[in-house]
>>> print(open('input14.cif').read())   # mmCIF, C-alpha atoms
data_coords
loop_
_atom_site.label_atom_id
_atom_site.label_comp_id
_atom_site.auth_asym_id
_atom_site.auth_seq_id
_atom_site.Cartn_x
_atom_site.Cartn_y
_atom_site.Cartn_z
CA ALA K 1381 0.00 0.00 0.00
CA THR K 1382 2.91 2.33 0.73
CA MET K 1383 4.19 1.70 -2.81
CA ALA K 1384 0.83 2.69 -4.26
CA TYR K 1385 0.59 5.83 -2.14
CA LEU K 1386 4.10 6.89 -3.18
CA GLY K 1387 2.77 7.15 -6.74
CA ILE K 1388 0.62 10.20 -5.82
CA ASP K 1389 2.26 13.61 -5.72
CA ASN K 1390 2.37 15.30 -2.29
CA MET K 1391 0.79 12.27 -0.64
CA LEU K 1392 1.60 11.28 2.92
CA GLY K 1393 1.17 7.64 3.89
CA LEU K 1394 0.03 7.10 7.49
CA LEU K 1395 0.38 3.63 8.96
CA HIS K 1396 -2.11 2.98 11.77
CA GLY K 1397 0.05 0.85 14.00
CA ALA K 1398 3.27 0.73 16.00
CA GLN K 1399 6.37 2.73 15.05
CA GLY K 1400 8.34 -0.42 14.26
CA CYS K 1401 5.88 -1.42 11.52
CA SER K 1402 6.63 1.70 9.48
CA THR K 1403 10.38 1.29 10.09
CA PHE K 1404 10.26 -2.20 8.56
CA ILE K 1405 8.42 -0.94 5.46
CA ARG K 1406 10.80 1.98 4.97
CA LEU K 1407 13.77 -0.38 5.32
CA GLN K 1408 12.54 -2.83 2.68
CA LEU K 1409 11.55 -0.16 0.15
CA SER K 1410 14.72 1.88 0.73
CA ARG K 1411 16.88 -1.17 0.13
CA HIS K 1412 15.13 -1.79 -3.18
CA TYR K 1413 14.72 1.75 -4.55
CA LYS K 1414 17.76 3.29 -2.81
CA GLU K 1415 15.55 6.25 -1.90
CA SER K 1416 14.07 7.73 1.26
CA ILE K 1417 10.46 6.65 1.81
CA ALA K 1418 7.74 9.10 2.90
CA LEU K 1419 5.77 7.28 5.60
CA ASN K 1420 4.44 8.17 9.06
CA ALA K 1421 2.83 6.08 11.79
CA THR K 1422 0.22 6.65 14.49
CA ALA K 1423 2.73 5.24 17.01
CA MET K 1424 0.47 2.82 18.83
CA SER K 1425 1.64 2.02 22.36
CA GLU K 1426 0.69 -0.68 24.87
CA ASP K 1427 -2.08 1.49 26.31
CA SER K 1428 -3.65 2.33 22.94
CA ALA K 1429 -3.37 -1.33 21.90
CA ILE K 1430 -5.51 -2.26 24.91
CA PHE K 1431 -7.98 0.62 25.02
CA GLY K 1432 -8.25 1.31 21.28
CA GLY K 1433 -6.41 3.40 18.73
CA TRP K 1434 -9.10 5.87 17.64
CA GLU K 1435 -7.47 8.83 19.37
CA ASN K 1436 -4.04 7.92 18.00
CA LEU K 1437 -5.45 7.82 14.48
CA LYS K 1438 -7.33 11.09 14.74
CA MET K 1439 -4.38 12.80 16.40
CA GLY K 1440 -2.00 11.37 13.78
CA ILE K 1441 -4.12 12.60 10.86
CA GLY K 1442 -4.41 16.07 12.39
CA ARG K 1443 -0.69 16.37 13.07
CA VAL K 1444 0.49 15.29 9.62
CA ILE K 1445 -1.96 17.68 7.94
CA GLU K 1446 -0.90 20.62 10.11
CA LYS K 1447 2.82 19.86 9.99
CA PHE K 1448 3.40 18.64 6.42
CA HIS K 1449 0.43 20.10 4.45
CA PRO K 1450 -0.11 17.09 2.15
CA GLN K 1451 -2.51 17.16 -0.82
CA VAL K 1452 -3.95 13.84 0.38
CA VAL K 1453 -3.45 11.48 3.34
CA GLY K 1454 -3.37 7.73 2.77
CA VAL K 1455 -4.17 5.62 5.82
CA MET K 1456 -3.13 1.94 6.07
CA THR K 1457 -4.00 -0.51 8.82
CA THR K 1458 -1.76 -3.12 10.43
CA GLY K 1459 -2.36 -6.52 11.95
CA LEU K 1460 -2.34 -4.88 15.40
CA THR K 1461 -5.18 -2.43 14.75
CA GLU K 1462 -7.19 -4.87 12.60
CA THR K 1463 -7.02 -7.55 15.32
CA MET K 1464 -8.15 -4.96 17.86
CA GLY K 1465 -11.08 -4.16 15.60
CA ASP K 1466 -10.52 -0.42 15.20
CA ASP K 1467 -13.27 1.08 13.03
CA VAL K 1468 -11.05 3.25 10.84
CA ASN K 1469 -13.91 4.54 8.68
CA SER K 1470 -15.82 5.82 11.73
CA ALA K 1471 -12.66 7.33 13.20
CA ILE K 1472 -12.03 9.31 10.01
CA LYS K 1473 -15.68 10.42 9.93
CA GLN K 1474 -15.40 11.62 13.53
CA PHE K 1475 -12.17 13.45 12.69
CA ARG K 1476 -14.00 15.24 9.89
CA GLU K 1477 -16.73 16.35 12.30
CA GLU K 1478 -14.22 17.58 14.88
CA HIS K 1479 -11.90 19.31 12.38
CA PRO K 1480 -13.90 20.94 9.57
CA GLU K 1481 -10.90 23.18 8.84
CA HIS K 1482 -9.19 20.16 7.23
CA ASP K 1483 -12.07 19.26 4.90
CA SER K 1484 -10.06 20.27 1.83
CA VAL K 1485 -7.55 17.46 2.39
CA PRO K 1486 -8.84 14.07 1.12
CA ILE K 1487 -8.29 11.11 3.45
CA ILE K 1488 -8.34 7.64 1.94
CA TRP K 1489 -7.70 4.36 3.66
CA ALA K 1490 -7.05 0.75 2.78
CA SER K 1491 -7.40 -2.35 4.93
CA THR K 1492 -3.92 -3.91 4.83
CA PRO K 1493 -3.32 -6.23 7.82
CA ASP K 1494 -0.13 -8.28 7.48
CA TYR K 1495 -1.91 -11.53 8.31
CA CYS K 1496 -3.89 -11.35 5.07
CA GLY K 1497 -2.45 -11.37 1.57
CA SER K 1498 0.97 -10.25 0.45
CA LEU K 1499 2.66 -7.29 -1.25
CA GLN K 1500 0.43 -7.19 -4.32
CA GLU K 1501 -2.79 -7.56 -2.30
CA GLY K 1502 -1.90 -4.52 -0.18
CA TYR K 1503 -0.98 -2.56 -3.28
CA ALA K 1504 -4.24 -3.55 -5.00
CA ALA K 1505 -6.30 -2.60 -1.94
CA ALA K 1506 -4.70 0.85 -1.93
CA VAL K 1507 -5.33 1.35 -5.66
CA GLU K 1508 -8.98 0.36 -5.18
CA SER K 1509 -9.27 2.88 -2.36
CA ILE K 1510 -7.60 5.61 -4.43
CA VAL K 1511 -9.92 5.29 -7.43
CA SER K 1512 -13.01 4.81 -5.25
CA SER K 1513 -12.30 7.88 -3.12
CA LEU K 1514 -10.88 10.38 -5.58
CA ALA K 1515 -12.22 9.63 -9.08
CA GLU K 1516 -15.12 11.85 -10.15
CA GLY K 1517 -17.56 11.71 -13.05
CA GLY K 1518 -18.49 14.31 -15.64
CA PRO K 1519 -18.30 14.87 -19.40
CA ILE K 1520 -16.15 12.29 -21.19
CA VAL K 1521 -12.65 13.53 -22.09
CA PRO K 1522 -11.96 12.29 -25.66
CA GLY K 1523 -8.78 10.27 -25.97
CA GLN K 1524 -8.20 9.99 -22.21
CA VAL K 1525 -7.54 6.54 -20.71
CA ASN K 1526 -6.73 5.26 -17.23
CA LEU K 1527 -3.68 3.04 -16.75
CA LEU K 1528 -3.52 0.92 -13.58
CA PRO K 1529 -0.01 -0.62 -13.38
CA GLY K 1530 0.55 -3.70 -11.20
CA ALA K 1531 2.80 -3.89 -8.15
CA HIS K 1532 5.27 -6.07 -10.07
CA LEU K 1533 6.12 -3.31 -12.57
CA THR K 1534 9.21 -1.18 -12.10
CA PRO K 1535 9.18 2.64 -12.45
CA ALA K 1536 10.90 2.14 -15.83
CA ASP K 1537 8.20 -0.38 -16.84
CA VAL K 1538 5.48 2.13 -15.99
CA GLU K 1539 7.27 4.84 -17.97
CA GLU K 1540 7.50 2.50 -20.97
CA LEU K 1541 3.78 1.69 -20.79
CA LYS K 1542 2.86 5.37 -20.57
CA GLU K 1543 4.91 6.10 -23.69
CA LEU K 1544 3.33 3.17 -25.54
CA VAL K 1545 -0.17 4.44 -24.76
CA GLU K 1546 0.72 8.02 -25.69
CA SER K 1547 2.18 6.86 -29.01
CA PHE K 1548 -1.39 6.10 -30.12
CA GLY K 1549 -2.42 9.72 -29.58
CA LEU K 1550 -4.05 9.00 -26.21
CA THR K 1551 -3.76 10.95 -22.96
CA VAL K 1552 -2.96 8.63 -20.07
CA LEU K 1553 -3.78 8.95 -16.36
CA THR K 1554 -1.49 6.51 -14.54
CA ILE K 1555 -2.87 5.54 -11.12
CA PRO K 1556 -0.60 5.29 -9.20
CA ASP K 1557 2.39 6.64 -11.10
CA ILE K 1558 5.75 5.58 -9.66
CA SER K 1559 7.57 6.28 -12.93
CA ASN K 1560 8.53 9.78 -11.79
CA ALA K 1561 8.28 9.17 -8.05
CA MET K 1562 10.54 6.15 -7.48
CA ASP K 1563 12.78 6.43 -10.53
CA GLY K 1564 15.85 7.64 -8.67
CA HIS K 1565 15.66 11.37 -9.43
CA ILE K 1566 17.35 13.97 -7.23
CA ASP K 1567 15.13 16.72 -5.82
CA ASP K 1568 16.40 20.23 -5.13
CA VAL K 1569 14.46 20.22 -1.88
CA VAL K 1570 14.04 17.20 0.39
CA SER K 1571 10.33 16.70 1.07
CA PRO K 1572 8.60 14.66 3.79
CA LEU K 1573 5.89 13.95 1.19
CA SER K 1574 5.96 11.78 -1.91
CA THR K 1575 7.07 13.71 -4.99
CA GLY K 1576 6.72 13.15 -8.71
CA GLY K 1577 3.60 10.98 -8.81
CA ILE K 1578 0.23 11.74 -10.36
CA ALA K 1579 -1.52 14.83 -9.00
CA VAL K 1580 -4.78 14.49 -7.06
CA GLU K 1581 -6.49 16.77 -9.60
CA GLU K 1582 -5.57 14.32 -12.37
CA ILE K 1583 -6.94 11.32 -10.44
CA ARG K 1584 -10.27 13.16 -10.09
CA LYS K 1585 -10.55 13.09 -13.90
CA ALA K 1586 -10.37 9.27 -13.97
CA GLY K 1587 -14.16 8.94 -14.00
CA ARG K 1588 -14.29 10.77 -17.34
CA SER K 1589 -11.97 8.46 -19.34
CA ILE K 1590 -12.97 6.39 -22.37
CA ALA K 1591 -11.24 3.22 -21.11
CA THR K 1592 -9.29 1.68 -18.25
CA LEU K 1593 -6.22 -0.46 -18.95
CA TYR K 1594 -4.93 -2.56 -16.06
CA VAL K 1595 -1.78 -4.67 -15.98
CA GLY K 1596 -1.87 -7.56 -13.52
CA ASP K 1597 -4.90 -9.64 -12.55
CA SER K 1598 -4.80 -8.27 -8.98
CA LEU K 1599 -6.05 -4.87 -10.22
CA ALA K 1600 -9.24 -6.24 -11.81
CA LYS K 1601 -11.33 -5.09 -8.84
CA ALA K 1602 -9.99 -1.54 -9.06
CA ALA K 1603 -10.85 -1.40 -12.77
CA LEU K 1604 -14.28 -2.89 -12.02
CA LYS K 1605 -15.00 -0.11 -9.51
CA LEU K 1606 -14.44 2.48 -12.24
CA LYS K 1607 -16.62 0.47 -14.61
CA GLU K 1608 -19.47 0.08 -12.13
CA LYS K 1609 -19.43 3.70 -10.99
CA PHE K 1610 -18.75 5.50 -14.27
CA GLY K 1611 -19.42 2.91 -17.00
CA ILE K 1612 -15.80 2.94 -18.22
CA PRO K 1613 -14.85 -0.18 -20.26
CA ALA K 1614 -11.96 -2.15 -18.74
CA TYR K 1615 -9.19 -3.93 -20.67
CA GLY K 1616 -7.18 -6.34 -18.54
CA PHE K 1617 -3.73 -7.79 -19.24
CA THR K 1618 -2.30 -10.60 -17.13
CA SER K 1619 1.12 -9.85 -18.58
CA LEU K 1620 2.77 -7.42 -20.97
CA THR K 1621 6.00 -9.41 -21.23
CA GLY K 1622 6.16 -11.57 -24.34
CA LEU K 1623 5.33 -11.38 -28.03
CA ALA K 1624 1.68 -12.50 -27.93
CA GLU K 1625 0.96 -10.48 -24.78
CA THR K 1626 2.33 -7.26 -26.27
CA ASP K 1627 0.51 -7.93 -29.56
CA ARG K 1628 -2.77 -8.01 -27.66
CA PHE K 1629 -1.92 -4.75 -25.89
CA MET K 1630 -1.12 -3.05 -29.19
CA GLU K 1631 -4.33 -4.28 -30.78
CA SER K 1632 -6.34 -2.99 -27.80
CA LEU K 1633 -4.69 0.43 -27.97
CA SER K 1634 -5.40 0.57 -31.70
CA ALA K 1635 -9.07 -0.29 -31.09
CA VAL K 1636 -9.46 2.25 -28.26
CA SER K 1637 -7.70 5.08 -30.11
CA GLY K 1638 -8.88 4.31 -33.63
CA HIS K 1639 -5.29 4.69 -34.86
CA PRO K 1640 -3.12 2.07 -36.58
CA ILE K 1641 -0.14 0.57 -34.75
CA PRO K 1642 2.84 2.93 -35.33
CA ASP K 1643 5.69 1.62 -37.49
CA LYS K 1644 8.23 2.05 -34.69
CA HIS K 1645 6.46 -0.63 -32.65
CA ARG K 1646 6.48 -2.96 -35.64
CA ARG K 1647 10.27 -2.48 -35.87
CA TRP K 1648 10.73 -3.38 -32.20
CA ARG K 1649 8.52 -6.42 -32.74
CA SER K 1650 10.79 -7.53 -35.56
CA ARG K 1651 13.87 -7.02 -33.37
CA LEU K 1652 12.29 -9.07 -30.59
CA MET K 1653 11.50 -11.94 -32.93
CA ASP K 1654 15.10 -11.88 -34.20
CA ALA K 1655 16.39 -11.89 -30.60
CA MET K 1656 14.21 -14.91 -29.82
CA VAL K 1657 15.63 -16.76 -32.82
CA ASP K 1658 19.21 -15.81 -31.90
CA SER K 1659 18.94 -17.00 -28.29
CA HIS K 1660 16.41 -19.83 -28.34
CA TYR K 1661 19.10 -22.51 -28.01
CA GLN K 1662 20.05 -21.05 -24.63
CA PHE K 1663 16.54 -21.60 -23.27
CA GLY K 1664 15.58 -24.99 -24.69
CA THR K 1665 15.09 -27.77 -22.09
CA LYS K 1666 16.42 -25.61 -19.24
CA LYS K 1667 14.76 -26.33 -15.90
CA VAL K 1668 13.49 -23.29 -13.99
CA ALA K 1669 12.18 -22.73 -10.46
CA ILE K 1670 10.26 -19.50 -9.79
CA ALA K 1671 9.08 -17.92 -6.53
CA LEU K 1672 7.27 -14.57 -6.86
CA GLU K 1673 4.08 -12.64 -6.19
CA SER K 1674 1.34 -14.19 -8.31
CA ASP K 1675 1.08 -11.45 -10.98
CA ASN K 1676 4.83 -11.54 -11.51
CA LEU K 1677 4.79 -15.33 -11.35
CA LYS K 1678 2.24 -15.54 -14.16
CA THR K 1679 4.28 -13.07 -16.21
CA LEU K 1680 7.65 -14.80 -15.98
CA THR K 1681 6.32 -18.37 -16.02
CA GLY K 1682 4.51 -17.68 -19.29
CA PHE K 1683 7.54 -15.97 -20.78
CA LEU K 1684 10.08 -18.69 -19.85
CA ALA K 1685 7.77 -21.55 -20.87
CA GLY K 1686 7.16 -19.80 -24.18
CA MET K 1687 10.90 -19.62 -24.75
CA GLY K 1688 11.22 -23.40 -24.34
CA CYS K 1689 12.12 -23.75 -20.67
CA GLU K 1690 10.68 -26.47 -18.45
CA ILE K 1691 9.07 -24.86 -15.42
CA GLN K 1692 10.08 -27.26 -12.66
CA ALA K 1693 8.28 -25.38 -9.89
CA ALA K 1694 6.21 -22.20 -9.62
CA LEU K 1695 5.69 -20.83 -6.10
CA SER K 1696 3.22 -18.03 -5.44
CA ALA K 1697 3.21 -15.86 -2.31
CA THR K 1698 -0.60 -16.08 -2.13
CA ARG K 1699 -3.42 -18.16 -3.56
CA THR K 1700 -5.06 -16.30 -6.44
CA ARG K 1701 -7.11 -17.08 -9.53
CA GLY K 1702 -5.31 -18.23 -12.63
CA LEU K 1703 -2.48 -20.17 -11.00
CA ASP K 1704 -3.95 -23.49 -12.13
CA GLY K 1705 -3.58 -22.36 -15.74
CA LEU K 1706 0.19 -21.91 -15.57
CA PRO K 1707 2.31 -24.16 -17.83
CA CYS K 1708 3.74 -26.09 -14.89
CA ASP K 1709 2.75 -29.31 -13.13
CA ASN K 1710 4.13 -28.15 -9.77
CA VAL K 1711 2.35 -24.91 -8.83
CA PHE K 1712 1.73 -24.14 -5.18
CA VAL K 1713 1.67 -21.41 -2.53
CA GLY K 1714 4.85 -21.38 -0.50
CA ASP K 1715 7.86 -19.46 0.73
CA LEU K 1716 11.61 -19.44 0.16
CA GLU K 1717 12.08 -22.46 2.41
CA ASP K 1718 9.79 -24.44 0.11
CA LEU K 1719 11.84 -23.14 -2.81
CA GLU K 1720 14.96 -24.89 -1.47
CA THR K 1721 13.16 -28.21 -1.87
CA ALA K 1722 11.33 -27.48 -5.12
CA ALA K 1723 14.36 -26.05 -6.94
CA VAL K 1724 16.69 -29.05 -6.57
CA GLY K 1725 18.32 -29.70 -9.95
CA ALA K 1726 17.11 -26.47 -11.59
CA ASP K 1727 19.26 -24.55 -14.07
CA LEU K 1728 17.73 -21.17 -13.24
CA LEU K 1729 16.18 -19.72 -10.10
CA VAL K 1730 13.89 -16.70 -10.39
CA ALA K 1731 13.22 -14.83 -7.14
CA ASN K 1732 14.04 -11.62 -5.31
CA SER K 1733 17.38 -11.08 -3.58
CA ASN K 1734 16.33 -13.25 -0.66
CA GLY K 1735 16.44 -16.24 -3.00
CA ARG K 1736 20.23 -16.02 -3.18
CA GLN K 1737 20.65 -18.32 -0.18
CA ALA K 1738 18.61 -21.05 -1.88
CA ALA K 1739 20.63 -20.59 -5.09
CA ALA K 1740 23.90 -20.90 -3.17
CA LYS K 1741 22.75 -23.91 -1.14
CA LEU K 1742 21.54 -25.77 -4.25
CA LYS K 1743 24.56 -24.61 -6.30
CA ILE K 1744 22.34 -22.96 -8.93
CA GLY K 1745 24.64 -20.51 -10.68
CA ALA K 1746 21.93 -18.64 -12.60
CA HIS K 1747 19.72 -16.47 -10.38
CA LEU K 1748 17.46 -13.98 -12.17
CA ARG K 1749 16.57 -11.25 -9.67
CA ALA K 1750 12.91 -10.27 -9.98
CA GLY K 1751 10.23 -8.86 -7.73
CA LEU K 1752 10.90 -6.94 -4.53
CA PRO K 1753 13.22 -6.46 -2.75
CA VAL K 1754 16.29 -6.58 -4.97
CA PHE K 1755 19.07 -5.09 -2.87
CA ASP K 1756 22.23 -6.94 -3.91
CA ARG K 1757 22.19 -5.57 -7.46
CA LEU K 1758 22.01 -1.94 -8.60
CA GLY K 1759 19.40 -0.70 -11.06
CA ALA K 1760 16.61 -3.23 -10.48
CA HIS K 1761 14.00 -0.44 -10.49
CA GLN K 1762 15.33 0.85 -13.83
CA LYS K 1763 14.86 -2.39 -15.75
CA VAL K 1764 12.28 -2.55 -18.54
CA TRP K 1765 10.71 -5.98 -19.10
CA VAL K 1766 7.40 -4.93 -20.71
CA GLY K 1767 6.47 -4.39 -24.34
CA TYR K 1768 8.52 -5.52 -27.30
CA ARG K 1769 11.63 -3.61 -26.21
CA GLY K 1770 11.37 -4.76 -22.61
CA THR K 1771 10.84 -8.40 -23.57
CA LEU K 1772 13.93 -8.16 -25.78
CA ASN K 1773 15.91 -6.91 -22.74
CA LEU K 1774 14.66 -9.87 -20.70
CA VAL K 1775 15.49 -12.37 -23.45
CA PHE K 1776 19.10 -11.22 -23.58
CA GLU K 1777 19.49 -10.90 -19.79
CA THR K 1778 18.22 -14.43 -19.18
CA ALA K 1779 20.14 -15.94 -22.10
CA ASN K 1780 23.34 -14.34 -20.83
CA LEU K 1781 22.72 -15.83 -17.38
CA PHE K 1782 22.37 -19.29 -18.91
CA GLN K 1783 25.48 -18.76 -21.04
CA ALA K 1784 27.62 -17.50 -18.15
CA ASN K 1785 26.46 -20.35 -15.94
CA ALA K 1786 27.33 -22.92 -18.63
CA LYS K 1787 30.86 -21.52 -18.97
CA GLU K 1788 31.32 -21.56 -15.19
CA ALA K 1789 30.16 -25.19 -15.07
CA GLN K 1790 32.63 -26.12 -17.81
CA LYS K 1791 35.44 -24.40 -15.93
CA LEU K 1792 34.64 -26.28 -12.71
CA ALA K 1793 34.41 -29.59 -14.58
CA HIS K 1794 37.79 -28.95 -16.21
CA ASN K 1795 39.41 -28.12 -12.87
#
>>> encode(input="input14.cif", output="C-alpha cells")
Amino acid sequence: ATMAYLGIDNMLGLLHGAQGCSTFIRLQLSRHYKESIALNATAMSEDSAIFGGWENLKMGIGRVIEKFHPQVVGVMTTGLTETMGDDVNSAIKQFREEHPEHDSVPIIWASTPDYCGSLQEGYAAAVESIVSSLAEGGPIVPGQVNLLPGAHLTPADVEELKELVESFGLTVLTIPDISNAMDGHIDDVVSPLSTGGIAVEEIRKAGRSIATLYVGDSLAKAALKLKEKFGIPAYGFTSLTGLAETDRFMESLSAVSGHPIPDKHRRWRSRLMDAMVDSHYQFGTKKVAIALESDNLKTLTGFLAGMGCEIQAALSATRTRGLDGLPCDNVFVGDLEDLETAAVGADLLVANSNGRQAAAKLKIGAHLRAGLPVFDRLGAHQKVWVGYRGTLNLVFETANLFQANAKEAQKLAHN
C-alpha cells in the first residue's frame, strides 16, 4: 500500500500501528529503490493497543496535515489495529466532524493487515481505495484513458507503458504513477511527502476516461470499480512481457484510439523476434524454479515456458485465480524455504534477492533477480521488461545468465 501511495504527488502515507511497523516498510523499500520513503505512523503504544487506537489515528491525521500540508493522506491498517477491531472509517468520519478546517484534504484508507495477503494484495487494496475515493464523473474527455499498473512493474516499466499508450495519440492517467516518483531522481528540496507521482487533480478526472487499462490480474477489482461507478470499459492484461501479450496490448490500444499501430512498434517487434531466434538454443530444455508474487509469477512463467524452458516449480506468495492455468505441473503457494526443496536440480532460479541463499545452497549458478526487494544488485527499479523492447531486454538478460552459468560449469568440470 505504501508503494501505491508513493505514486501520488504530495501524498503522505500514514500507517495505523506501532512505530516499528513503518520502520520495517521503509527499510525494505529503501533497500530496493535506494531512496528515502515518505511514511508516518500513528505510534500505537501498549495502552492504545488495549484501550483502542481511535485517538491515536485522529491525532495522527491532524498532526500530519498541520505539519506537512499534504494534498492527500493515505491511511493503512496493520495486523495490530485490525485484530483490535478499530473502526477506521468511523474514526475518520469523527475526525472530519471535529476538524472541519481540514475538509479540503482528502483522506483515503485501505485495509492492509499483514496476516492477510501479500505485497500485491496490499498494493491492489490501496489502488482500489484511491480510485473509489478520488475519481469523479463528468463529461467524457476524448482520448483519455486510465492506466492501472501492477505492483510487479518497475518505475521504468510504468514509464514504458505510458509512452506506448501516448504513441497512439491517447492521454494517459497513470494511477498510481511511480515512474517519476521512485525512478531515482534527485530533488532540489528534500520533502517529507511523496514527490513526482500523479496529482490528485488528475486522479479526479479518472471517472471521465474512455477506457481503463490494467496490468496484472490483482487490479481487476480496481478497474471494475471504475466500470461500475462511471461505466468505463476495462481492458485487462495478465502480462505485458512476451510477443503475444504485447501484440494483444497493441491491438487494444489501436481499437481504443482508432489509430493504426505505429511503425516504430512494428520495428521493435521484428527485433524481438530476431532476438528470440538468436537466443532460443540457450533456453531450450532448461529447468526453472520460480518464486514470486502471483502477478509476476504468471508473467515470468509464461515468458520462460514460451521460450522453451521447463518450469520445474512455480511458487506463489498467495493463492489467487489463474495459477492453475500456468504451464507447470508443480504450482503451489509457498515461501523461500519451500523453494529450497522445489528447486533441486534447476538450471535457473527466479526470485528476489532473498532467493540467493537457496541458489547458493543448491549450487544454482543462474539467479534472475525479480520482484521486490532486490538489494544486492544496482538498477533493479530501472529495468524494462514490458512491451517488445522490454521483452527483448529480458530475453538477452536471461540468455546471458544461462550462457555465463554454462561456462562456469565447464570451468569447474575442467578443474
>>> atom_distance(input="input14.cif", atom1="atom CA of Thr1778 of chain K", atom2="atom CA of Asn1732 of chain K")
14.8 Å
>>> closest_residue(input="input14.cif", among="K:Leu1606, K:Leu1781, K:Leu1437, K:Val1468", to="Glu1508 of chain K", atoms="all atoms listed in the file")
K:Leu1606
>>> closest_residue(input="input14.cif", among="K:Glu1546, K:Asp1597, K:Asp1483, K:Glu1501", to="Val1636 of chain K", atoms="all atoms listed in the file")
K:Glu1546
>>> closest_residue(input="input14.cif", among="K:Ile1558, K:Val1730, K:Ile1691, K:Ile1520", to="Ala1536 of chain K", atoms="all atoms listed in the file")
K:Ile1558
>>> resolve_selection(input="input14.cif", expression="the PyMOL selection byres ((chain K and resi 1770) around 10)", output="number ranges by chain")
K: 1536-1537, 1540, 1620-1622, 1648, 1652, 1763-1769, 1771-1775
>>> resolve_selection(input="input14.cif", expression="the PyMOL selection byres ((chain K and resi 1598) around 9)", output="list in words")
Gln1500, Glu1501, Tyr1503, Ala1504, Gly1530, Ala1531, Val1595, Gly1596, Asp1597, Leu1599, Ala1600, Lys1601, Ala1602, Thr1618, Ser1674, Asp1675 and Thr1700 of chain K
>>> residues_near_point(input="input14.cif", point="(-0.7, -3.3, 1.3)", cutoff="8 Å", atoms="only C-alpha atoms", output="mmCIF file with C-alpha atoms, in the coordinates of the input")
data_model
loop_
_atom_site.group_PDB
_atom_site.id
_atom_site.type_symbol
_atom_site.label_atom_id
_atom_site.label_comp_id
_atom_site.auth_asym_id
_atom_site.auth_seq_id
_atom_site.Cartn_x
_atom_site.Cartn_y
_atom_site.Cartn_z
ATOM 1 C CA ALA K 1381 0.000 0.000 0.000
ATOM 2 C CA THR K 1382 2.910 2.330 0.730
ATOM 3 C CA MET K 1456 -3.130 1.940 6.070
ATOM 4 C CA ALA K 1490 -7.050 0.750 2.780
ATOM 5 C CA SER K 1491 -7.400 -2.350 4.930
ATOM 6 C CA THR K 1492 -3.920 -3.910 4.830
ATOM 7 C CA PRO K 1493 -3.320 -6.230 7.820
ATOM 8 C CA ASP K 1494 -0.130 -8.280 7.480
ATOM 9 C CA SER K 1498 0.970 -10.250 0.450
ATOM 10 C CA LEU K 1499 2.660 -7.290 -1.250
ATOM 11 C CA GLN K 1500 0.430 -7.190 -4.320
ATOM 12 C CA GLU K 1501 -2.790 -7.560 -2.300
ATOM 13 C CA GLY K 1502 -1.900 -4.520 -0.180
ATOM 14 C CA TYR K 1503 -0.980 -2.560 -3.280
ATOM 15 C CA ALA K 1504 -4.240 -3.550 -5.000
ATOM 16 C CA ALA K 1505 -6.300 -2.600 -1.940
ATOM 17 C CA ALA K 1506 -4.700 0.850 -1.930
#
>>> closest_residue(input="input14.cif", among="K:Lys1607, K:Arg1649, K:Arg1588, K:His1396", to="Asp1466 of chain K", atoms="all atoms listed in the file")
K:His1396
>>> resolve_selection(input="input14.cif", expression="the PyMOL selection byres ((chain K and resi 1685) around 10)", output="MDAnalysis selection string")
chainID K and resid 1663:1668 1680:1684 1686:1691 1706:1708
>>> atom_distance(input="input14.cif", atom1="atom CA of Leu1695 of chain K", atom2="atom CA of Ala1671 of chain K")
4.5 Å
>>> axis_aligned_box(input="input14.cif", around="segment 1746-1750 of chain K", padding_each_side="6 Å", output="AutoDock Vina command-line options")
--center_x 17.4 --center_y -14.5 --center_z -11.1 --size_x 21.0 --size_y 20.4 --size_z 14.9
>>> residues_around(input="input14.cif", residues="Pro1529 of chain K", least_positions_apart="3", cutoff="8 Å", atoms="all atoms listed in the file", output="PyMOL selection string")
chain K and resi 1533+1538+1554-1557+1594-1596
>>> atom_distance(input="input14.cif", atom1="atom CA of Ser1574 of chain K", atom2="atom CA of Glu1481 of chain K")
23.0 Å
